[in-house]
Amino acid sequence: MQRFRFGKRQRLNRPDQFRAVLAWRCGAGNGRVRLHEAPNTVGRPRLGVSVPKRCGSAVVRNRLKRLAREAFRLEQHNLPPDRDYVLIFTAKWSKKPMSANCLPLGGLEYHTVRRWLRQLHERLDERFLRRTRGRPEGGS
RNA sequence: GGAGCGGGUCGGGCGGUCGCCCCGCACCAAAAACAUAUUGUUCACGGCAAGCCGAUUCGUCCAUGGCGGGUUCGCCGUGCUGGACGACCGGGCAGAAUGGGACAAUAUGUUUUUGGUGCGGGGAGGAAAGUCCGAGCAGGGCAGGGCACGGUGGUGGUUAACGGCCACCCGGAGCGAUCCGAGGGAAAGUGCCACAGAAACCACACGGCCGAUGGCCCCACGGGGCACAGGCAAAGGUGAAAUGGUGCGGUAAGAGCGCACCGCGGCGGCGGCGACGUCGCCGGCAGGGUAAACCCCACCGCCUGCAAGACCAAGCAAGCUGGUCAGCCGGCCCGGUCAUAAUCCAGCGGGUAGGUCGCUCGUCCGUGGGGAAAACCCGCGGGCGGAGCCGGUCGGCAACGGCCGGUCCAGAGAAAUGACCGCCCCCCCGCACCAAAAACAUAUUGGACACGUCAAACCGAUUCGCCCAUGACGGGUUCGCCGCGAUGGACGAACGGUCAGAACGGGACAAUAUGUUUUUGGCGCGGGGGACAGAACUCGGCUUAUAGACCCGCUCCGCUU
RNA sequence: GCGGGCGUAGCUUAAUGGUAAAGCCCCAGCCUUCCAAGCUGGUCAUGUGGGUUCGAUUCCCAUCGCCCGCU
């Protein structure tokens, strides 16, 4: 029976970890979020979420991070375990549905974020494997 | 019932599954430390009886002689030599035995850390927000005064403190409940007041009025004229604002010149802690606005901020240059302090970007355990403090304070409170049903009504038409008659009456029934919505955002009793 | 977290408390065979809400938005 947990050891905690993932330069985005991947040697997939301040107020940013964590928690067994992931929210969200150039937060659910995560990972997977074979001892 | 004012409380609830952060307990795994045991290695680590030996030392006894002194000649004292015994010391027994230490390995136990599993407990707000004030706390080596600068600004109180809060005063808004007010000083000084206006604070210039009085002229002696002296400050369109306002008197014209009321100022009495109020008297006005312009007065204020600061680990280069009448409290001065640079200050260059504490009530005492320990850790009990929260009570109009009791349980650090489902609650929309009310339509019944209709026939002091008879009277005439008209009668039409009201029709309105629509309420189904907003060292306030729900007190208006 | 600063036409900037200015842009007209340039005229603003004042872009308070510095 698979457990769907997401503790502190499954997250990226330090700024240099984030920088290492982004320096691998393997990412894709869909206009609302970006996903980056990089190999690790820990033996479990790890996620780091980055929500910049332009996404909205503190309530909005907390909401986005919780949705991302919930999506990763339920999707983690479908992802390759030897990688680090960084999910970056890029669009501007708002609680008010009528705001200009803001996406409404009300209709966003974790299913949507989970679907984005899966689609972006499928787009990245082939590129990731090619780069890993290219430099087999790269991640020293 | 409607409209409104003030204050307070809450900020969806219950259940299930999965998940996050912190704390405690238990178990498992790993690592480290410590303790114990065993084994091994090692150590210029320690000790070892009796018997034996000895060129150690001491004591007792015996023997012998020497020396010195005394002598009662018996001997006494002292030392040396030899022997025996005893004690001590050294050697030896005596080491590859034994004890101890260090190190290593193994086993067991304990503790700590990390990870995992299970159980239990706790886990966002009234504003956590904005960062507008005030404090605690920390640092600036020591840390004070003045100036400058900044803030506040009715009075009294409250508080750790505040620009907060409470009560009162004054001014303004409102019918009112209530609300709003940076609300000291313009007679200390400076500045500004556009345009308009005679003039914006400076004289009363400009523009005016009068000419009573004096002067001049004329004269019919009643007076009139001139505007020279002189008097006056009322009118002067403007403006936000113009040297008190209105009215009456008064005058040559006028004027607080006089009076009344209002405003203003001064003095005094009374009430109040006070701001101030009130009463009386006096002054006749003593001179614009602006201090959220500079300023004056009173009071308050060091600066920096938990990314403060302390410790540990790692790393780098105790590097270079300059400074010393400096620098250290920064804008200035005084006072204070360090004392010439490894140490202080500034600049350049180099390294780190990890962890623990601060930090989530604090502190003290007693006791038990661990411990070398007064340190420190754990458990239990109690006390004290706190500007925390809740309740009660007392004082106070209140803010608030005193006392008593209970409670003090978020603590992350790329940053925890979430996701899904079900039921319930509140609001909105749609549909269906039920009930009530209203409107409309239809039907039936009743039906106010100064609403309308009614034939034929009959009647008529009505009107008209036509016919007949008579032809007054007037006019014309071709003398045949014509025209107009009166009267009477017949006929026809109209009009009025009778018939004819308890008839017929219309019909406000009322009742009943049915249907439609609307509104309200209830119930059911479906759909949508439930705000503002996320702790980051901690408190006290303020400000701002906020769907709604509930409670309390009060005001005004309308209706009913 | 703390400390500063700024919001004026579509854009860039002015403006002692007294009619909000200029350049570019846009629109219309003139000129030109047409375009450009030029000329003439016009439209368009003090972030928002209060307060002080006779009068606020300016002074004060609150609020919203943006920028910068410490780190």
# chains A, B, ... in the order shown; residues from 1 in each chain; ligands from 1
call {"tool": "residues_around", "arguments": {"residues": "G254 in chain B", "least_positions_apart": "5", "cutoff": "12 Å", "atoms": "only C-alpha atoms (C1' of nucleotides)", "output": "list in words"}}
result
C209, C210, G231, C232, A233, A234 and A235 of chain B
call {"tool": "write_last_selection", "arguments": {"atoms": "C-alpha atoms (C1' of nucleotides)", "output": "compact mmCIF listing (two decimals), in the first residue's frame"}}
result
# COMPACT_ATOMS: atom_id res chain seq x y z
C1' C B 209 -20.78 115.88 3.52
C1' C B 210 -21.54 120.53 6.15
C1' G B 231 -16.09 120.95 11.55
C1' C B 232 -17.17 115.57 10.34
C1' A B 233 -15.91 110.47 9.65
C1' A B 234 -21.97 108.69 7.97
C1' A B 235 -22.39 107.13 2.21
call {"tool": "select_by_dssp", "arguments": {"residues": "range 16-112 of chain A", "states": "helix (DSSP H, G or I)", "output": "JSON list (two decimals) with all heavy atoms, in the first residue's frame"}}
result
[["chain", "number", "residue", "atom", "x", "y", "z"],
["A", 16, "ASP", "N", 20.70, 27.06, -1.71],
["A", 16, "ASP", "CA", 21.62, 26.47, -2.69],
["A", 16, "ASP", "C", 21.03, 25.26, -3.37],
["A", 16, "ASP", "O", 21.36, 24.96, -4.51],
["A", 16, "ASP", "CB", 22.95, 26.13, -2.02],
["A", 16, "ASP", "CG", 22.75, 25.31, -0.76],
["A", 16, "ASP", "OD1", 21.58, 25.12, -0.38],
["A", 16, "ASP", "OD2", 23.73, 24.86, -0.17],
["A", 17, "GLN", "N", 20.08, 24.57, -2.67],
["A", 17, "GLN", "CA", 19.40, 23.46, -3.34],
["A", 17, "GLN", "C", 18.55, 23.97, -4.49],
["A", 17, "GLN", "O", 18.52, 23.41, -5.57],
["A", 17, "GLN", "CB", 18.53, 22.72, -2.33],
["A", 17, "GLN", "CG", 19.34, 22.05, -1.24],
["A", 17, "GLN", "CD", 18.48, 21.48, -0.17],
["A", 17, "GLN", "OE1", 17.32, 21.83, -0.07],
["A", 17, "GLN", "NE2", 19.05, 20.62, 0.66],
["A", 18, "PHE", "N", 17.86, 25.06, -4.25],
["A", 18, "PHE", "CA", 17.06, 25.65, -5.33],
["A", 18, "PHE", "C", 17.96, 26.08, -6.48],
["A", 18, "PHE", "O", 17.67, 25.84, -7.64],
["A", 18, "PHE", "CB", 16.29, 26.86, -4.81],
["A", 18, "PHE", "CG", 15.03, 26.50, -4.11],
["A", 18, "PHE", "CD1", 15.04, 26.04, -2.82],
["A", 18, "PHE", "CD2", 13.82, 26.60, -4.77],
["A", 18, "PHE", "CE1", 13.88, 25.71, -2.18],
["A", 18, "PHE", "CE2", 12.65, 26.27, -4.13],
["A", 18, "PHE", "CZ", 12.68, 25.82, -2.84],
["A", 19, "ARG", "N", 19.08, 26.69, -6.14],
["A", 19, "ARG", "CA", 19.99, 27.17, -7.19],
["A", 19, "ARG", "C", 20.55, 26.00, -7.98],
["A", 19, "ARG", "O", 20.72, 26.09, -9.19],
["A", 19, "ARG", "CB", 21.11, 27.99, -6.56],
["A", 19, "ARG", "CG", 20.86, 29.47, -6.69],
["A", 19, "ARG", "CD", 22.02, 30.30, -6.16],
["A", 19, "ARG", "NE", 21.75, 30.78, -4.81],
["A", 19, "ARG", "CZ", 22.42, 30.39, -3.75],
["A", 19, "ARG", "NH1", 23.39, 29.52, -3.85],
["A", 19, "ARG", "NH2", 22.12, 30.88, -2.57],
["A", 20, "ALA", "N", 20.80, 24.86, -7.31],
["A", 20, "ALA", "CA", 21.33, 23.71, -8.01],
["A", 20, "ALA", "C", 20.32, 23.18, -9.01],
["A", 20, "ALA", "O", 20.67, 22.83, -10.14],
["A", 20, "ALA", "CB", 21.71, 22.63, -7.00],
["A", 21, "VAL", "N", 19.05, 23.14, -8.61],
["A", 21, "VAL", "CA", 18.03, 22.63, -9.53],
["A", 21, "VAL", "C", 17.89, 23.56, -10.72],
["A", 21, "VAL", "O", 17.83, 23.13, -11.87],
["A", 21, "VAL", "CB", 16.70, 22.46, -8.79],
["A", 21, "VAL", "CG1", 15.61, 22.11, -9.77],
["A", 21, "VAL", "CG2", 16.83, 21.39, -7.74],
["A", 22, "LEU", "N", 17.85, 24.85, -10.47],
["A", 22, "LEU", "CA", 17.68, 25.78, -11.57],
["A", 22, "LEU", "C", 18.91, 25.81, -12.46],
["A", 22, "LEU", "O", 18.81, 26.06, -13.66],
["A", 22, "LEU", "CB", 17.38, 27.18, -11.04],
["A", 22, "LEU", "CG", 16.07, 27.28, -10.29],
["A", 22, "LEU", "CD1", 15.87, 28.69, -9.81],
["A", 22, "LEU", "CD2", 14.91, 26.85, -11.14],
["A", 23, "ALA", "N", 20.11, 25.52, -11.91],
["A", 23, "ALA", "CA", 21.33, 25.53, -12.72],
["A", 23, "ALA", "C", 21.39, 24.35, -13.66],
["A", 23, "ALA", "O", 22.14, 24.37, -14.61],
["A", 23, "ALA", "CB", 22.55, 25.53, -11.81],
["A", 53, "LYS", "N", 6.21, 37.29, -4.97],
["A", 53, "LYS", "CA", 5.26, 38.19, -4.31],
["A", 53, "LYS", "C", 4.26, 38.77, -5.28],
["A", 53, "LYS", "O", 3.20, 39.22, -4.88],
["A", 53, "LYS", "CB", 6.03, 39.32, -3.64],
["A", 53, "LYS", "CG", 5.52, 39.64, -2.25],
["A", 53, "LYS", "CD", 6.49, 40.57, -1.54],
["A", 53, "LYS", "CE", 6.22, 40.54, -0.07],
["A", 53, "LYS", "NZ", 7.17, 41.36, 0.67],
["A", 54, "ARG", "N", 4.60, 38.75, -6.57],
["A", 54, "ARG", "CA", 3.67, 39.34, -7.53],
["A", 54, "ARG", "C", 2.46, 38.45, -7.75],
["A", 54, "ARG", "O", 1.51, 38.84, -8.42],
["A", 54, "ARG", "CB", 4.37, 39.59, -8.86],
["A", 54, "ARG", "CG", 4.76, 38.34, -9.60],
["A", 54, "ARG", "CD", 5.44, 38.68, -10.89],
["A", 54, "ARG", "NE", 4.60, 39.45, -11.77],
["A", 54, "ARG", "CZ", 3.74, 38.89, -12.64],
["A", 54, "ARG", "NH1", 3.65, 37.60, -12.71],
["A", 54, "ARG", "NH2", 3.00, 39.64, -13.42],
["A", 55, "CYS", "N", 2.46, 37.24, -7.24],
["A", 55, "CYS", "CA", 1.31, 36.36, -7.41],
["A", 55, "CYS", "C", 0.10, 36.85, -6.64],
["A", 55, "CYS", "O", -1.03, 36.52, -6.97],
["A", 55, "CYS", "CB", 1.66, 34.95, -6.96],
["A", 55, "CYS", "SG", 2.70, 34.07, -8.10],
["A", 58, "ALA", "N", -0.62, 37.50, 0.85],
["A", 58, "ALA", "CA", -0.09, 36.37, 1.60],
["A", 58, "ALA", "C", -1.08, 35.21, 1.63],
["A", 58, "ALA", "O", -0.69, 34.05, 1.59],
["A", 58, "ALA", "CB", 0.24, 36.82, 3.02],
["A", 59, "VAL", "N", -2.36, 35.54, 1.69],
["A", 59, "VAL", "CA", -3.37, 34.48, 1.68],
["A", 59, "VAL", "C", -3.34, 33.73, 0.36],
["A", 59, "VAL", "O", -3.39, 32.50, 0.32],
["A", 59, "VAL", "CB", -4.75, 35.10, 1.94],
["A", 59, "VAL", "CG1", -5.82, 34.06, 1.80],
["A", 59, "VAL", "CG2", -4.79, 35.71, 3.30],
["A", 60, "VAL", "N", -3.22, 34.47, -0.74],
["A", 60, "VAL", "CA", -3.18, 33.83, -2.06],
["A", 60, "VAL", "C", -1.94, 32.97, -2.19],
["A", 60, "VAL", "O", -2.00, 31.83, -2.67],
["A", 60, "VAL", "CB", -3.23, 34.93, -3.14],
["A", 60, "VAL", "CG1", -3.05, 34.32, -4.50],
["A", 60, "VAL", "CG2", -4.53, 35.68, -3.07],
["A", 61, "ARG", "N", -0.81, 33.49, -1.72],
["A", 61, "ARG", "CA", 0.43, 32.72, -1.86],
["A", 61, "ARG", "C", 0.40, 31.46, -1.00],
["A", 61, "ARG", "O", 0.84, 30.40, -1.44],
["A", 61, "ARG", "CB", 1.61, 33.60, -1.49],
["A", 61, "ARG", "CG", 2.00, 34.52, -2.61],
["A", 61, "ARG", "CD", 3.18, 35.39, -2.23],
["A", 61, "ARG", "NE", 2.73, 36.55, -1.49],
["A", 61, "ARG", "CZ", 3.31, 36.99, -0.40],
["A", 61, "ARG", "NH1", 4.34, 36.36, 0.09],
["A", 61, "ARG", "NH2", 2.86, 38.07, 0.21],
["A", 62, "ASN", "N", -0.13, 31.54, 0.20],
["A", 62, "ASN", "CA", -0.27, 30.34, 1.01],
["A", 62, "ASN", "C", -1.15, 29.31, 0.32],
["A", 62, "ASN", "O", -0.86, 28.12, 0.32],
["A", 62, "ASN", "CB", -0.90, 30.71, 2.36],
["A", 62, "ASN", "CG", 0.16, 31.06, 3.38],
["A", 62, "ASN", "OD1", 1.31, 30.75, 3.19],
["A", 62, "ASN", "ND2", -0.24, 31.71, 4.42],
["A", 63, "ARG", "N", -2.25, 29.81, -0.27],
["A", 63, "ARG", "CA", -3.16, 28.90, -0.96],
["A", 63, "ARG", "C", -2.47, 28.19, -2.11],
["A", 63, "ARG", "O", -2.61, 26.97, -2.27],
["A", 63, "ARG", "CB", -4.34, 29.73, -1.47],
["A", 63, "ARG", "CG", -5.27, 29.04, -2.42],
["A", 63, "ARG", "CD", -6.31, 28.26, -1.69],
["A", 63, "ARG", "NE", -7.17, 27.55, -2.62],
["A", 63, "ARG", "CZ", -7.85, 26.47, -2.32],
["A", 63, "ARG", "NH1", -7.77, 25.99, -1.10],
["A", 63, "ARG", "NH2", -8.61, 25.89, -3.19],
["A", 64, "LEU", "N", -1.68, 28.92, -2.89],
["A", 64, "LEU", "CA", -1.00, 28.31, -4.03],
["A", 64, "LEU", "C", 0.01, 27.26, -3.56],
["A", 64, "LEU", "O", 0.13, 26.19, -4.15],
["A", 64, "LEU", "CB", -0.30, 29.38, -4.86],
["A", 64, "LEU", "CG", -1.24, 30.33, -5.60],
["A", 64, "LEU", "CD1", -0.45, 31.43, -6.25],
["A", 64, "LEU", "CD2", -2.03, 29.59, -6.64],
["A", 65, "LYS", "N", 0.73, 27.54, -2.49],
["A", 65, "LYS", "CA", 1.72, 26.59, -2.02],
["A", 65, "LYS", "C", 1.03, 25.33, -1.49],
["A", 65, "LYS", "O", 1.52, 24.21, -1.70],
["A", 65, "LYS", "CB", 2.56, 27.22, -0.91],
["A", 65, "LYS", "CG", 3.68, 28.05, -1.46],
["A", 65, "LYS", "CD", 4.62, 28.53, -0.38],
["A", 65, "LYS", "CE", 4.04, 29.67, 0.36],
["A", 65, "LYS", "NZ", 5.02, 30.29, 1.27],
["A", 66, "ARG", "N", -0.10, 25.49, -0.82],
["A", 66, "ARG", "CA", -0.79, 24.31, -0.32],
["A", 66, "ARG", "C", -1.33, 23.46, -1.46],
["A", 66, "ARG", "O", -1.26, 22.22, -1.41],
["A", 66, "ARG", "CB", -1.94, 24.74, 0.58],
["A", 66, "ARG", "CG", -1.47, 25.20, 1.93],
["A", 66, "ARG", "CD", -2.54, 25.93, 2.67],
["A", 66, "ARG", "NE", -2.05, 26.41, 3.93],
["A", 66, "ARG", "CZ", -2.60, 27.40, 4.60],
["A", 66, "ARG", "NH1", -3.65, 28.02, 4.11],
["A", 66, "ARG", "NH2", -2.11, 27.79, 5.75],
["A", 67, "LEU", "N", -1.82, 24.11, -2.50],
["A", 67, "LEU", "CA", -2.29, 23.35, -3.65],
["A", 67, "LEU", "C", -1.13, 22.59, -4.29],
["A", 67, "LEU", "O", -1.28, 21.43, -4.67],
["A", 67, "LEU", "CB", -2.93, 24.29, -4.67],
["A", 67, "LEU", "CG", -4.26, 24.88, -4.28],
["A", 67, "LEU", "CD1", -4.67, 25.91, -5.28],
["A", 67, "LEU", "CD2", -5.30, 23.81, -4.19],
["A", 68, "ALA", "N", 0.02, 23.23, -4.39],
["A", 68, "ALA", "CA", 1.16, 22.58, -5.03],
["A", 68, "ALA", "C", 1.61, 21.39, -4.20],
["A", 68, "ALA", "O", 1.93, 20.33, -4.73],
["A", 68, "ALA", "CB", 2.30, 23.58, -5.19],
["A", 69, "ARG", "N", 1.66, 21.54, -2.90],
["A", 69, "ARG", "CA", 2.09, 20.44, -2.05],
["A", 69, "ARG", "C", 1.10, 19.29, -2.11],
["A", 69, "ARG", "O", 1.48, 18.12, -2.16],
["A", 69, "ARG", "CB", 2.24, 20.92, -0.61],
["A", 69, "ARG", "CG", 3.43, 21.81, -0.40],
["A", 69, "ARG", "CD", 3.89, 21.73, 1.05],
["A", 69, "ARG", "NE", 2.79, 21.83, 1.96],
["A", 69, "ARG", "CZ", 2.42, 22.97, 2.53],
["A", 69, "ARG", "NH1", 3.07, 24.07, 2.29],
["A", 69, "ARG", "NH2", 1.39, 23.01, 3.34],
["A", 70, "GLU", "N", -0.18, 19.60, -2.12],
["A", 70, "GLU", "CA", -1.18, 18.55, -2.20],
["A", 70, "GLU", "C", -1.07, 17.80, -3.51],
["A", 70, "GLU", "O", -1.14, 16.56, -3.53],
["A", 70, "GLU", "CB", -2.57, 19.17, -2.04],
["A", 70, "GLU", "CG", -3.70, 18.17, -1.95],
["A", 70, "GLU", "CD", -3.75, 17.48, -0.61],
["A", 70, "GLU", "OE1", -3.05, 17.93, 0.31],
["A", 70, "GLU", "OE2", -4.47, 16.49, -0.49],
["A", 71, "ALA", "N", -0.85, 18.52, -4.59],
["A", 71, "ALA", "CA", -0.72, 17.87, -5.89],
["A", 71, "ALA", "C", 0.50, 16.97, -5.94],
["A", 71, "ALA", "O", 0.43, 15.83, -6.40],
["A", 71, "ALA", "CB", -0.65, 18.92, -6.99],
["A", 72, "PHE", "N", 1.62, 17.46, -5.41],
["A", 72, "PHE", "CA", 2.84, 16.65, -5.42],
["A", 72, "PHE", "C", 2.71, 15.44, -4.51],
["A", 72, "PHE", "O", 3.21, 14.36, -4.80],
["A", 72, "PHE", "CB", 4.02, 17.51, -4.99],
["A", 72, "PHE", "CG", 5.33, 16.79, -5.05],
["A", 72, "PHE", "CD1", 5.98, 16.64, -6.26],
["A", 72, "PHE", "CD2", 5.90, 16.26, -3.92],
["A", 72, "PHE", "CE1", 7.19, 15.99, -6.32],
["A", 72, "PHE", "CE2", 7.11, 15.60, -3.98],
["A", 72, "PHE", "CZ", 7.75, 15.46, -5.20],
["A", 73, "ARG", "N", 1.99, 15.62, -3.39],
["A", 73, "ARG", "CA", 1.82, 14.53, -2.46],
["A", 73, "ARG", "C", 1.09, 13.36, -3.10],
["A", 73, "ARG", "O", 1.47, 12.20, -2.91],
["A", 73, "ARG", "CB", 1.02, 15.03, -1.26],
["A", 73, "ARG", "CG", 0.83, 14.03, -0.15],
["A", 73, "ARG", "CD", 0.20, 14.70, 1.03],
["A", 73, "ARG", "NE", -1.22, 14.93, 0.84],
["A", 73, "ARG", "CZ", -2.16, 14.02, 1.07],
["A", 73, "ARG", "NH1", -1.84, 12.85, 1.49],
["A", 73, "ARG", "NH2", -3.44, 14.32, 0.88],
["A", 74, "LEU", "N", 0.07, 13.68, -3.89],
["A", 74, "LEU", "CA", -0.72, 12.61, -4.48],
["A", 74, "LEU", "C", -0.10, 12.10, -5.77],
["A", 74, "LEU", "O", -0.49, 11.05, -6.26],
["A", 74, "LEU", "CB", -2.13, 13.11, -4.74],
["A", 74, "LEU", "CG", -2.87, 13.48, -3.47],
["A", 74, "LEU", "CD1", -4.18, 14.15, -3.80],
["A", 74, "LEU", "CD2", -3.11, 12.28, -2.61],
["A", 75, "GLU", "N", 0.85, 12.82, -6.34],
["A", 75, "GLU", "CA", 1.43, 12.43, -7.62],
["A", 75, "GLU", "C", 2.82, 11.84, -7.46],
["A", 75, "GLU", "O", 3.41, 11.38, -8.42],
["A", 75, "GLU", "CB", 1.49, 13.69, -8.52],
["A", 75, "GLU", "CG", 1.82, 13.45, -9.97],
["A", 75, "GLU", "CD", 0.74, 12.70, -10.73],
["A", 75, "GLU", "OE1", -0.40, 12.68, -10.24],
["A", 75, "GLU", "OE2", 1.03, 12.13, -11.79],
["A", 76, "GLN", "N", 3.37, 11.77, -6.25],
["A", 76, "GLN", "CA", 4.79, 11.50, -6.09],
["A", 76, "GLN", "C", 5.17, 10.08, -6.51],
["A", 76, "GLN", "O", 6.29, 9.85, -6.92],
["A", 76, "GLN", "CB", 5.20, 11.72, -4.64],
["A", 76, "GLN", "CG", 4.42, 10.88, -3.66],
["A", 76, "GLN", "CD", 4.84, 11.17, -2.24],
["A", 76, "GLN", "OE1", 5.96, 11.55, -2.00],
["A", 76, "GLN", "NE2", 3.92, 11.02, -1.32],
["A", 77, "HIS", "N", 4.23, 9.14, -6.46],
["A", 77, "HIS", "CA", 4.59, 7.78, -6.84],
["A", 77, "HIS", "C", 4.56, 7.60, -8.32],
["A", 77, "HIS", "O", 5.01, 6.57, -8.82],
["A", 77, "HIS", "CB", 3.66, 6.78, -6.15],
["A", 77, "HIS", "CG", 3.80, 6.81, -4.67],
["A", 77, "HIS", "ND1", 4.94, 6.40, -4.03],
["A", 77, "HIS", "CD2", 2.97, 7.24, -3.71],
["A", 77, "HIS", "CE1", 4.79, 6.54, -2.74],
["A", 77, "HIS", "NE2", 3.60, 7.06, -2.51],
["A", 78, "ASN", "N", 4.02, 8.54, -9.09],
["A", 78, "ASN", "CA", 4.04, 8.46, -10.53],
["A", 78, "ASN", "C", 5.25, 9.19, -11.11],
["A", 78, "ASN", "O", 5.39, 9.24, -12.32],
["A", 78, "ASN", "CB", 2.78, 9.06, -11.12],
["A", 78, "ASN", "CG", 1.54, 8.35, -10.58],
["A", 78, "ASN", "OD1", 1.59, 7.15, -10.32],
["A", 78, "ASN", "ND2", 0.48, 9.09, -10.39],
["A", 110, "TYR", "N", -6.90, 21.52, -6.65],
["A", 110, "TYR", "CA", -5.62, 20.84, -6.71],
["A", 110, "TYR", "C", -5.56, 19.88, -7.87],
["A", 110, "TYR", "O", -4.48, 19.53, -8.33],
["A", 110, "TYR", "CB", -5.33, 20.13, -5.39],
["A", 110, "TYR", "CG", -5.94, 18.77, -5.25],
["A", 110, "TYR", "CD1", -5.19, 17.64, -5.51],
["A", 110, "TYR", "CD2", -7.26, 18.62, -4.87],
["A", 110, "TYR", "CE1", -5.73, 16.39, -5.40],
["A", 110, "TYR", "CE2", -7.80, 17.38, -4.75],
["A", 110, "TYR", "CZ", -7.04, 16.24, -5.01],
["A", 110, "TYR", "OH", -7.59, 15.01, -4.89],
["A", 111, "HIS", "N", -6.74, 19.43, -8.40],
["A", 111, "HIS", "CA", -6.72, 18.59, -9.59],
["A", 111, "HIS", "C", -6.04, 19.30, -10.73],
["A", 111, "HIS", "O", -5.27, 18.71, -11.49],
["A", 111, "HIS", "CB", -8.14, 18.24, -10.01],
["A", 111, "HIS", "CG", -8.92, 17.56, -8.94],
["A", 111, "HIS", "ND1", -9.77, 18.23, -8.10],
["A", 111, "HIS", "CD2", -8.96, 16.28, -8.55],
["A", 111, "HIS", "CE1", -10.31, 17.39, -7.27],
["A", 111, "HIS", "NE2", -9.83, 16.19, -7.49],
["A", 112, "THR", "N", -6.32, 20.58, -10.87],
["A", 112, "THR", "CA", -5.74, 21.34, -11.96],
["A", 112, "THR", "C", -4.23, 21.40, -11.83],
["A", 112, "THR", "O", -3.49, 21.17, -12.79],
["A", 112, "THR", "CB", -6.33, 22.75, -11.94],
["A", 112, "THR", "OG1", -7.73, 22.64, -11.71],
["A", 112, "THR", "CG2", -6.10, 23.45, -13.23]]
call {"tool": "closest_residue", "arguments": {"among": "A:Gly29, A:Leu79, A:Arg131, A:Ile88", "to": "chain B", "atoms": "only C-alpha atoms (C1' of nucleotides)"}}
result
A:Ile88
call {"tool": "residues_around", "arguments": {"residues": "range 331-347 of chain B", "least_positions_apart": "5", "cutoff": "12 Å", "atoms": "only C-alpha atoms (C1' of nucleotides)", "output": "MDAnalysis selection string"}}
result
chainID B and resid 141:149 318 320:324 326
call {"tool": "select_by_dssp", "arguments": {"residues": "range 5-107 of chain A", "states": "strand (DSSP E or B)", "output": "PyMOL selection string"}}
result
chain A and resi 11+27-29+33-39+46-50+83-89+93-94+103-104
call {"tool": "closest_atom_pairs", "arguments": {"of": "chain B", "to": "chain A", "cutoff": "12 Å", "atoms": "only C-alpha atoms (C1' of nucleotides)", "output": "JSON lines"}}
result
{"residue": "B:C18", "atom": "C1'", "partner": "A:Phe4", "partner_atom": "CA", "distance": 7.8}
{"residue": "B:G19", "atom": "C1'", "partner": "A:Arg5", "partner_atom": "CA", "distance": 6.5}
{"residue": "B:C20", "atom": "C1'", "partner": "A:Gly7", "partner_atom": "CA", "distance": 7.3}
{"residue": "B:C21", "atom": "C1'", "partner": "A:Lys8", "partner_atom": "CA", "distance": 9.6}
{"residue": "B:G115", "atom": "C1'", "partner": "A:Arg9", "partner_atom": "CA", "distance": 10.4}
{"residue": "B:A124", "atom": "C1'", "partner": "A:Val59", "partner_atom": "CA", "distance": 11.9}
{"residue": "B:A128", "atom": "C1'", "partner": "A:Ala58", "partner_atom": "CA", "distance": 11.8}
{"residue": "B:A129", "atom": "C1'", "partner": "A:Ala58", "partner_atom": "CA", "distance": 10.2}
{"residue": "B:A353", "atom": "C1'", "partner": "A:Pro15", "partner_atom": "CA", "distance": 9.9}
{"residue": "B:G354", "atom": "C1'", "partner": "A:Arg14", "partner_atom": "CA", "distance": 10.6}
{"residue": "B:A412", "atom": "C1'", "partner": "A:Lys8", "partner_atom": "CA", "distance": 12.0}
{"residue": "B:G413", "atom": "C1'", "partner": "A:Asn13", "partner_atom": "CA", "distance": 9.6}
{"residue": "B:A414", "atom": "C1'", "partner": "A:Asn13", "partner_atom": "CA", "distance": 5.5}
{"residue": "B:A415", "atom": "C1'", "partner": "A:Asn13", "partner_atom": "CA", "distance": 9.7}
{"residue": "B:A416", "atom": "C1'", "partner": "A:Lys8", "partner_atom": "CA", "distance": 10.3}
{"residue": "B:U417", "atom": "C1'", "partner": "A:Arg66", "partner_atom": "CA", "distance": 11.0}
{"residue": "B:G418", "atom": "C1'", "partner": "A:Arg66", "partner_atom": "CA", "distance": 6.5}
{"residue": "B:A419", "atom": "C1'", "partner": "A:Glu70", "partner_atom": "CA", "distance": 6.9}
{"residue": "B:C420", "atom": "C1'", "partner": "A:Tyr110", "partner_atom": "CA", "distance": 10.2}
{"residue": "B:G529", "atom": "C1'", "partner": "A:Gly106", "partner_atom": "CA", "distance": 11.6}
{"residue": "B:A531", "atom": "C1'", "partner": "A:Lys95", "partner_atom": "CA", "distance": 11.6}
{"residue": "B:C532", "atom": "C1'", "partner": "A:Val59", "partner_atom": "CA", "distance": 11.1}
{"residue": "B:A533", "atom": "C1'", "partner": "A:Val59", "partner_atom": "CA", "distance": 7.1}
{"residue": "B:G534", "atom": "C1'", "partner": "A:Val59", "partner_atom": "CA", "distance": 5.9}
call {"tool": "atom_distance", "arguments": {"atom1": "C1' of C361 in chain B", "atom2": "C1' of C409 in chain B"}}
result
12.0 Å
call {"tool": "atom_distance", "arguments": {"atom1": "C1' of A167 in chain B", "atom2": "C1' of A399 in chain B"}}
result
8.4 Å
